[in-house]
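A.B. asks: Take a look at this one; I'll ask things after.
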Amino acid sequence: QVQLVESGGGLVQPGGSLTLSCAASGVIFSRDDMHWYRQAPGNQREYVAVITSEGAVGYPDSVKGRFSISTDNARNTVYLQMNSLKPEDTAVYYCNAVVAGHSYWGQGTQVTVSS
């Protein structure tokens with residue numbers, strides 16, 4: 001059974017940094033692709049980062065150069081390092097795993113960027 005539990009959200013000032021964690025069970029990083037998404041109030045959920053089973057990473061232009069996704073096999077955890085945060089990065093951030101063609105989601109963690 002796949003379970004994803006996000007943590008690490010909070011309030012941060014513009015220009016600051018935050019690292020989100022996603023503790024994953026029932027997932028094998030060498031087999032399954034992992035993603036981060038976010039959803040701001042009134043907006044659709046949008047893709048933020050991916051790390052494939054081969055270790056390739058990808059980001060949309062909106063976060064490229066500021067966000068970094070990584071995995072820790074020993075802890076079975078996916079991380080999202082976020083730097084140079086902007087108010088428009090404010091959203092609920094979700095961890096996502098695609099396992100055998102099925103998509104699984106965590107409960108989300110709130111990130112608020114404000115002075």
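Labels for the structure tokens follow display order: chains A, B, ..., residues from 1 in each chain, ligands from 1.
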Dump as a tab-separated table the rows for residues of region 56-88 of chain A within 7 Å of region 29-50 of chain A: closest atom pair and distance in Å with one decimal, only C-alpha atoms counted, ordered by chain and rising residue number.
C.D. replies:
```
residue	atom	partner	partner_atom	distance
A:Val57	CA	A:Val50	CA	5.4
A:Gly58	CA	A:Val50	CA	5.2
A:Tyr59	CA	A:Ala49	CA	4.7
A:Pro60	CA	A:Val48	CA	6.3
A:Ile69	CA	A:Ala49	CA	6.4
```
A.B. asks: Mind checking which residues fall within 7 Å of Phe67 (chain A), counting only C-alpha atoms, ignoring those fewer than 6 positions away in the same chain, and posting them as JSON, numbers by chain?
C.D. replies: {"A": [80, 81, 82, 83]}
A.B. asks: With all heavy atoms retained, write the just-selected residues as a CSV table (one decimal), in the first residue's frame.
C.D. replies:
```csv
chain,number,residue,atom,x,y,z
A,80,LEU,N,12.0,18.5,-1.5
A,80,LEU,CA,11.9,19.6,-2.4
A,80,LEU,C,12.6,20.8,-1.7
A,80,LEU,O,12.1,21.3,-0.7
A,80,LEU,CB,10.5,19.9,-2.7
A,80,LEU,CG,10.3,21.0,-3.8
A,80,LEU,CD1,10.9,20.6,-5.1
A,80,LEU,CD2,8.9,21.5,-3.9
A,81,GLN,N,13.8,21.1,-2.1
A,81,GLN,CA,14.5,22.3,-1.6
A,81,GLN,C,14.1,23.5,-2.4
A,81,GLN,O,14.2,23.5,-3.6
A,81,GLN,CB,16.0,22.1,-1.8
A,81,GLN,CG,16.9,23.3,-1.4
A,81,GLN,CD,16.8,23.6,0.0
A,81,GLN,OE1,16.9,22.7,0.9
A,81,GLN,NE2,16.7,24.9,0.4
A,82,MET,N,13.6,24.5,-1.7
A,82,MET,CA,13.0,25.7,-2.3
A,82,MET,C,13.8,26.9,-1.9
A,82,MET,O,13.9,27.2,-0.7
A,82,MET,CB,11.6,25.9,-2.0
A,82,MET,CG,10.7,24.7,-2.3
A,82,MET,SD,8.9,24.9,-2.1
A,82,MET,CE,8.9,25.1,-0.3
A,83,ASN,N,14.5,27.6,-2.8
A,83,ASN,CA,15.2,28.8,-2.5
A,83,ASN,C,14.6,30.0,-3.2
A,83,ASN,O,13.8,29.9,-4.1
A,83,ASN,CB,16.7,28.6,-3.0
A,83,ASN,CG,17.4,27.4,-2.3
A,83,ASN,OD1,17.2,27.2,-1.1
A,83,ASN,ND2,18.2,26.7,-3.1
```
A.B. asks: Please list as a count of residues only every residue within 12 Å of Ala74 (chain A), counting only C-alpha atoms and excluding residues in the same chain fewer than 2 positions away.
C.D. replies: 10
A.B. asks: Show which residues sit within 10 Å of Asp89 (chain A), as a list in words. Count only C-alpha atoms, and ignore same-chain residues fewer than 4 positions away.
C.D. replies: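 My reading of the contact set: Pro14, Arg38, Gln39, Ala40, Ser62, Val63, Met82, Ser84, Leu85, Tyr93, Val111, Thr112, Val113 and Ser114 of chain A.
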